[in-house]
$ cat input_15.cif   # mmCIF, C-alpha atoms
data_structure
loop_
_atom_site.label_atom_id
_atom_site.label_comp_id
_atom_site.auth_asym_id
_atom_site.auth_seq_id
_atom_site.Cartn_x
_atom_site.Cartn_y
_atom_site.Cartn_z
CA MET T 293 -2.43 -5.02 -16.38
CA ASP T 294 0.93 -3.31 -16.01
CA PRO T 295 1.01 -1.74 -12.50
CA THR T 296 2.79 1.27 -13.95
CA ALA T 297 -0.02 1.98 -16.41
CA VAL T 298 -1.38 4.77 -14.25
CA SER T 299 -0.28 8.35 -13.79
CA ILE T 300 -0.11 10.50 -10.67
CA ALA T 301 -0.72 14.22 -10.99
CA LEU T 302 1.90 16.39 -9.33
CA MET T 303 0.66 17.86 -6.07
CA LYS T 304 1.90 19.70 -3.02
CA THR T 305 2.62 17.10 -0.38
CA ARG T 306 1.14 17.93 3.02
CA LEU T 307 3.20 17.42 6.16
CA LEU T 308 1.26 16.73 9.36
CA PRO T 309 2.66 16.08 12.85
CA GLY T 310 1.57 12.58 13.77
CA ASP T 311 0.44 13.71 17.22
CA ALA T 312 -1.67 16.63 15.95
CA PRO T 313 -5.42 16.32 16.65
CA GLY T 314 -7.10 14.56 13.75
CA ALA T 315 -3.84 13.86 11.89
CA ILE T 316 -4.22 10.07 11.75
CA GLU T 317 -7.88 10.43 10.77
CA ALA T 318 -6.87 12.82 7.97
CA ALA T 319 -4.30 10.31 6.74
CA ALA T 320 -6.88 7.51 6.75
CA ALA T 321 -9.30 9.72 4.84
CA ALA T 322 -6.61 10.47 2.25
CA LEU T 323 -6.00 6.75 1.78
CA GLY T 324 -9.75 6.26 1.39
CA ARG T 325 -9.71 8.80 -1.46
CA GLY T 326 -7.03 6.83 -3.27
CA GLU T 327 -4.12 9.06 -2.24
CA LEU T 328 -0.65 7.95 -1.11
CA VAL T 329 0.44 8.50 2.50
CA ALA T 330 3.85 8.09 4.14
CA PHE T 331 4.29 7.36 7.85
CA PRO T 332 6.91 5.95 10.23
CA THR T 333 7.18 2.26 11.03
CA ASP T 334 9.54 0.55 13.45
CA THR T 335 12.23 0.29 10.76
CA VAL T 336 11.89 3.03 8.09
CA TYR T 337 9.20 5.36 6.78
CA GLY T 338 6.60 3.46 4.79
CA LEU T 339 4.44 4.51 1.85
CA ALA T 340 0.88 3.20 1.77
CA ALA T 341 -2.03 3.01 -0.62
CA GLY T 342 -5.52 1.62 -0.36
CA HIS T 343 -5.89 -1.92 -1.74
CA ASP T 344 -7.57 -0.58 -4.90
CA HIS T 345 -4.75 1.86 -5.61
CA VAL T 346 -1.60 -0.24 -5.28
CA ARG T 347 -0.50 0.67 -8.80
CA LYS T 348 0.12 4.24 -7.64
CA LEU T 349 2.87 2.98 -5.35
CA TYR T 350 4.75 1.60 -8.34
CA VAL T 351 4.52 4.93 -10.13
CA ALA T 352 5.57 7.08 -7.16
CA LYS T 353 8.59 4.87 -6.44
CA ASP T 354 9.42 3.92 -10.04
CA ARG T 355 9.26 0.35 -8.72
CA SER T 356 9.61 -2.76 -10.85
CA ALA T 357 6.25 -4.39 -11.61
CA GLU T 358 7.69 -7.79 -10.67
CA LYS T 359 8.09 -6.81 -7.01
CA ARG T 360 5.04 -7.48 -4.86
CA ILE T 361 3.99 -4.95 -2.21
CA PRO T 362 3.94 -6.28 1.39
CA VAL T 363 0.88 -5.85 3.59
CA LEU T 364 1.18 -4.31 7.05
CA LEU T 365 -1.48 -5.31 9.57
CA SER T 366 -2.64 -3.42 12.63
CA ASP T 367 -2.86 -6.52 14.80
CA VAL T 368 -2.06 -10.21 14.71
CA THR T 369 -5.78 -10.99 14.84
CA ASN T 370 -6.18 -9.58 11.31
CA LEU T 371 -3.93 -12.24 9.81
CA GLU T 372 -6.55 -15.00 9.71
CA ALA T 373 -8.84 -12.82 7.56
CA SER T 374 -6.00 -12.00 5.16
CA ALA T 375 -4.22 -15.27 4.42
CA ILE T 376 -4.11 -19.03 4.84
CA VAL T 377 -2.34 -19.44 8.18
CA SER T 378 -0.49 -22.63 9.08
CA PRO T 379 0.15 -23.62 12.72
CA ALA T 380 3.81 -22.64 12.29
CA ALA T 381 2.91 -19.21 10.90
CA ARG T 382 0.39 -18.65 13.67
CA ALA T 383 2.97 -19.52 16.34
CA LEU T 384 5.55 -17.17 14.84
CA ALA T 385 3.05 -14.32 14.54
CA LEU T 386 1.90 -14.70 18.13
CA ARG T 387 5.49 -14.82 19.37
CA TYR T 388 7.08 -11.97 17.40
CA TRP T 389 4.33 -9.51 16.37
CA PRO T 390 4.40 -6.58 16.62
CA GLY T 391 8.01 -6.71 15.53
CA PRO T 392 10.63 -7.38 12.85
CA LEU T 393 9.20 -10.60 11.42
CA THR T 394 7.74 -10.85 7.91
CA LEU T 395 5.66 -13.91 7.03
CA VAL T 396 5.13 -14.99 3.44
CA LEU T 397 1.73 -16.63 3.09
CA VAL T 398 -0.87 -17.51 0.48
CA ALA T 399 -3.61 -14.89 0.31
CA PRO T 400 -6.85 -16.06 -1.36
CA ARG T 401 -7.36 -14.43 -4.78
CA ARG T 402 -4.10 -12.48 -4.43
CA GLY T 403 -1.44 -15.18 -4.55
CA THR T 404 1.63 -15.11 -2.33
CA LEU T 405 2.06 -12.03 -0.12
CA ALA T 406 4.28 -10.89 2.72
CA PHE T 407 2.68 -9.75 6.00
CA ARG T 408 3.97 -7.93 9.08
CA VAL T 409 2.68 -6.06 12.14
CA PRO T 410 4.98 -3.08 12.83
CA ALA T 411 6.01 -2.19 16.37
CA ASN T 412 4.96 1.43 15.93
CA ASP T 413 1.78 2.73 17.56
CA LEU T 414 1.14 5.50 15.01
CA ALA T 415 1.47 3.05 12.13
CA ARG T 416 -0.86 0.50 13.71
CA ARG T 417 -3.47 3.16 14.51
CA LEU T 418 -3.48 4.36 10.90
CA ILE T 419 -3.71 0.81 9.56
CA ALA T 420 -6.55 0.02 11.98
CA LEU T 421 -8.50 3.07 10.79
CA SER T 422 -7.95 1.88 7.20
CA GLY T 423 -9.52 -1.53 7.69
CA GLY T 424 -6.77 -3.43 9.50
CA GLY T 425 -4.38 -3.97 6.59
CA LEU T 426 -2.57 -1.78 4.05
CA PRO T 427 -0.16 -2.37 1.16
CA VAL T 428 3.00 -0.62 2.36
CA THR T 429 6.46 -0.28 0.84
CA SER T 430 9.43 1.84 1.85
CA ALA T 431 8.91 5.57 1.27
CA ASN T 432 11.75 6.16 -1.17
CA ARG T 433 12.32 6.00 -4.88
CA SER T 434 13.60 2.64 -6.07
CA GLY T 435 17.38 2.54 -5.92
CA GLU T 436 17.57 5.48 -3.51
CA PRO T 437 18.32 5.31 0.25
CA GLU T 438 15.49 4.33 2.57
CA THR T 439 14.03 7.23 4.53
CA HIS T 440 14.10 7.54 8.30
CA THR T 441 12.56 11.01 8.79
CA ALA T 442 9.67 12.95 7.30
CA ALA T 443 12.17 15.43 5.81
CA GLU T 444 13.94 12.62 3.96
CA VAL T 445 10.60 11.44 2.56
CA LEU T 446 9.88 14.92 1.23
CA GLU T 447 13.33 15.13 -0.37
CA GLN T 448 12.49 12.12 -2.54
CA LEU T 449 8.71 12.14 -2.94
CA ASP T 450 7.47 15.72 -2.53
CA GLY T 451 4.86 16.35 -5.20
CA CYS T 452 4.25 12.64 -5.85
CA ILE T 453 2.33 11.75 -2.69
CA ALA T 454 -0.48 13.44 -0.82
CA LEU T 455 0.59 13.36 2.81
CA VAL T 456 3.44 12.60 5.20
CA LEU T 457 2.66 11.87 8.85
CA ASP T 458 5.66 13.10 10.85
CA GLY T 459 6.11 10.71 13.74
CA GLY T 460 9.73 11.52 14.39
CA PRO T 461 12.73 9.45 13.30
CA ALA T 462 12.12 5.81 12.37
CA LEU T 463 15.40 4.32 13.46
CA GLY T 464 14.61 0.81 14.61
CA SER T 465 17.45 -1.55 15.51
CA GLY T 466 19.28 -1.05 12.24
CA LEU T 467 18.43 -4.62 11.25
CA ALA T 468 15.90 -5.63 8.62
CA SER T 469 13.02 -7.92 9.47
CA THR T 470 13.52 -11.66 9.23
CA ILE T 471 11.50 -13.05 6.32
CA VAL T 472 10.02 -16.54 6.68
CA ASP T 473 8.26 -18.39 3.87
CA CYS T 474 5.36 -20.27 5.44
CA THR T 475 3.69 -21.34 2.18
CA SER T 476 4.99 -24.91 2.49
CA GLU T 477 6.42 -27.35 4.99
CA PRO T 478 9.08 -27.14 6.23
CA ILE T 479 9.19 -23.36 6.41
CA ARG T 480 12.12 -21.53 4.82
CA ILE T 481 14.00 -18.48 6.07
CA LEU T 482 14.39 -16.20 3.07
CA ARG T 483 16.28 -13.49 4.94
CA GLN T 484 17.70 -13.57 8.43
CA GLY T 485 17.39 -10.21 10.10
CA ALA T 486 16.58 -9.03 13.60
CA ILE T 487 15.22 -12.45 14.64
CA SER T 488 17.72 -15.29 14.42
CA ALA T 489 17.21 -18.59 12.63
CA ALA T 490 17.73 -20.32 15.99
CA ASP T 491 14.87 -18.36 17.57
CA ILE T 492 12.61 -19.17 14.62
CA ALA T 493 13.49 -22.86 14.87
CA ALA T 494 12.86 -22.90 18.63
CA THR T 495 9.42 -21.37 18.18
CA ILE T 496 8.50 -23.91 15.52
CA ALA T 497 9.85 -26.76 17.64
CA GLY T 498 7.60 -25.64 20.48
CA THR T 499 4.61 -25.75 18.15
CA VAL T 500 5.41 -29.30 17.05
CA ALA T 501 5.94 -30.40 20.64
CA ALA T 502 2.58 -28.96 21.65
#

$ encode --input "input_15.cif" --output "structure tokens"
Amino acid sequence: MDPTAVSIALMKTRLLPGDAPGAIEAAAAALGRGELVAFPTDTVYGLAAGHDHVRKLYVAKDRSAEKRIPVLLSDVTNLEASAIVSPAARALALRYWPGPLTLVLVAPRRGTLAFRVPANDLARRLIALSGGGLPVTSANRSGEPETHTAAEVLEQLDGCIALVLDGGPALGSGLASTIVDCTSEPIRILRQGAISAADIAATIAGTVAA
């Protein structure tokens, strides 16, 4: 089915301070109702949906149906329940998560997916309350600049999503995450970002030596 074959009714987007009492619980409840929620990560603001409502992300962003949505996890321990994890992938996850490392793995019944644990406490708390893993993409319309504040999210997506958790600026290091394809041996670096190829290689070499 075409992921864009779903409509989203225009709504007034709510803005909640991330540190307000009950704010994260309200965001998790919204996700449970099938609504879209934006929140800060360690790089940019992300836009999440429950696993049964991923198609709404494509509509809100006007995103190409060919682009898969990454999954953010609340903790490295949730990876084993989400994907087939090789020794190399496990070593990389234990070394660099939470942080700017994205692992591409085979997920049973879902094909190939990218996974990451963000180094942002608010994000991980929301993901944990939502079952430990959420489909998350950048909170901007496709082709538009990525968003680093709640105000920037509203400029692009007000009326298309239910809620924005304002956790302050999401500035990060200015570098994208390093993407590593762990679906075959040897692993392949698809994009070098904040973690260097040399560091990745050293971690893998330590796994082989062990």

$ atom_distance --input "input_15.cif" --atom1 "CA of Tyr337 in chain T" --atom2 "CA of Leu395 in chain T"
19.6 Å

$ residues_around --input "input_15.cif" --residues "Pro362 in chain T" --least-positions-apart "4" --cutoff "12 Å" --atoms "all atoms listed in the file" --output "short mmCIF file (atom, residue, chain, number, x, y, z; two decimals) with C-alpha atoms, in the coordinates of the input"
data_model
loop_
_atom_site.label_atom_id
_atom_site.label_comp_id
_atom_site.auth_asym_id
_atom_site.auth_seq_id
_atom_site.Cartn_x
_atom_site.Cartn_y
_atom_site.Cartn_z
CA GLY T 338 6.60 3.46 4.79
CA LEU T 339 4.44 4.51 1.85
CA ALA T 340 0.88 3.20 1.77
CA ALA T 341 -2.03 3.01 -0.62
CA HIS T 343 -5.89 -1.92 -1.74
CA VAL T 346 -1.60 -0.24 -5.28
CA LEU T 349 2.87 2.98 -5.35
CA THR T 394 7.74 -10.85 7.91
CA LEU T 395 5.66 -13.91 7.03
CA VAL T 396 5.13 -14.99 3.44
CA LEU T 397 1.73 -16.63 3.09
CA ALA T 399 -3.61 -14.89 0.31
CA ARG T 402 -4.10 -12.48 -4.43
CA GLY T 403 -1.44 -15.18 -4.55
CA THR T 404 1.63 -15.11 -2.33
CA LEU T 405 2.06 -12.03 -0.12
CA ALA T 406 4.28 -10.89 2.72
CA PHE T 407 2.68 -9.75 6.00
CA ARG T 408 3.97 -7.93 9.08
CA VAL T 409 2.68 -6.06 12.14
CA PRO T 410 4.98 -3.08 12.83
CA GLY T 425 -4.38 -3.97 6.59
CA LEU T 426 -2.57 -1.78 4.05
CA PRO T 427 -0.16 -2.37 1.16
CA VAL T 428 3.00 -0.62 2.36
CA THR T 429 6.46 -0.28 0.84
CA SER T 430 9.43 1.84 1.85
CA ILE T 471 11.50 -13.05 6.32
#

$ closest_residue --input "input_15.cif" --among "T:Asp354, T:Thr475, T:Ala380, T:Glu317" --to "Ala493 in chain T" --atoms "all atoms listed in the file"
T:Ala380

$ closest_residue --input "input_15.cif" --among "T:Val336, T:Ile361, T:Ala375, T:Val351" --to "Leu463 in chain T" --atoms "all atoms listed in the file"
T:Val336

$ atom_distance --input "input_15.cif" --atom1 "CA of Cys474 in chain T" --atom2 "CA of Leu393 in chain T"
12.0 Å

$ closest_residue --input "input_15.cif" --among "T:Val377, T:Ala352, T:Cys452, T:Leu365" --to "Asn412 in chain T" --atoms "all atoms listed in the file"
T:Leu365

$ resolve_selection --input "input_15.cif" --expression "the PyMOL selection byres ((chain T and resi 308-311) around 9)" --output "NGL selection string"
:T and (306-307 or 312-316 or 319 or 331 or 414 or 455-460)

$ build_atoms --input "input_15.cif" --residues "range 307-329 of chain T" --atoms "N, CA and C atoms" --output "compact mmCIF listing (two decimals), in the frame of the given file"
# COMPACT_ATOMS: atom_id res chain seq x y z
N LEU T 307 2.46 17.97 5.04
CA LEU T 307 3.20 17.42 6.16
C LEU T 307 2.41 17.68 7.43
N LEU T 308 2.04 16.61 8.13
CA LEU T 308 1.26 16.73 9.36
C LEU T 308 2.00 16.08 10.51
N PRO T 309 2.12 16.75 11.66
CA PRO T 309 2.66 16.08 12.85
C PRO T 309 1.76 14.91 13.23
N GLY T 310 2.36 13.77 13.48
CA GLY T 310 1.57 12.58 13.77
C GLY T 310 0.74 12.69 15.03
N ASP T 311 1.18 13.56 15.97
CA ASP T 311 0.44 13.71 17.22
C ASP T 311 -0.54 14.87 17.19
N ALA T 312 -0.71 15.54 16.05
CA ALA T 312 -1.67 16.63 15.95
C ALA T 312 -3.10 16.07 15.98
N PRO T 313 -4.04 16.80 16.60
CA PRO T 313 -5.42 16.32 16.65
C PRO T 313 -5.96 16.06 15.24
N GLY T 314 -6.49 14.89 15.02
CA GLY T 314 -7.10 14.56 13.75
C GLY T 314 -6.14 14.17 12.65
N ALA T 315 -4.83 14.13 12.94
CA ALA T 315 -3.84 13.86 11.89
C ALA T 315 -3.98 12.44 11.34
N ILE T 316 -4.12 11.46 12.22
CA ILE T 316 -4.22 10.07 11.75
C ILE T 316 -5.53 9.87 11.00
N GLU T 317 -6.60 10.52 11.48
CA GLU T 317 -7.88 10.43 10.77
C GLU T 317 -7.78 11.06 9.38
N ALA T 318 -7.05 12.17 9.28
CA ALA T 318 -6.87 12.82 7.97
C ALA T 318 -6.08 11.92 7.03
N ALA T 319 -5.08 11.23 7.57
CA ALA T 319 -4.30 10.31 6.74
C ALA T 319 -5.16 9.14 6.26
N ALA T 320 -5.99 8.61 7.15
CA ALA T 320 -6.88 7.51 6.75
C ALA T 320 -7.87 7.96 5.70
N ALA T 321 -8.37 9.19 5.83
CA ALA T 321 -9.30 9.72 4.84
C ALA T 321 -8.61 9.88 3.49
N ALA T 322 -7.36 10.33 3.50
CA ALA T 322 -6.61 10.47 2.25
C ALA T 322 -6.44 9.12 1.56
N LEU T 323 -6.11 8.09 2.34
CA LEU T 323 -6.00 6.75 1.78
C LEU T 323 -7.34 6.29 1.20
N GLY T 324 -8.42 6.62 1.88
CA GLY T 324 -9.75 6.26 1.39
C GLY T 324 -10.10 6.94 0.08
N ARG T 325 -9.49 8.09 -0.20
CA ARG T 325 -9.71 8.80 -1.46
C ARG T 325 -8.77 8.33 -2.57
N GLY T 326 -7.94 7.34 -2.26
CA GLY T 326 -7.03 6.83 -3.27
C GLY T 326 -5.70 7.55 -3.32
N GLU T 327 -5.37 8.32 -2.27
CA GLU T 327 -4.12 9.06 -2.24
C GLU T 327 -3.03 8.24 -1.53
N LEU T 328 -1.78 8.64 -1.73
CA LEU T 328 -0.65 7.95 -1.11
C LEU T 328 -0.22 8.69 0.15
N VAL T 329 0.09 7.93 1.20
CA VAL T 329 0.44 8.50 2.50
C VAL T 329 1.69 7.82 3.02
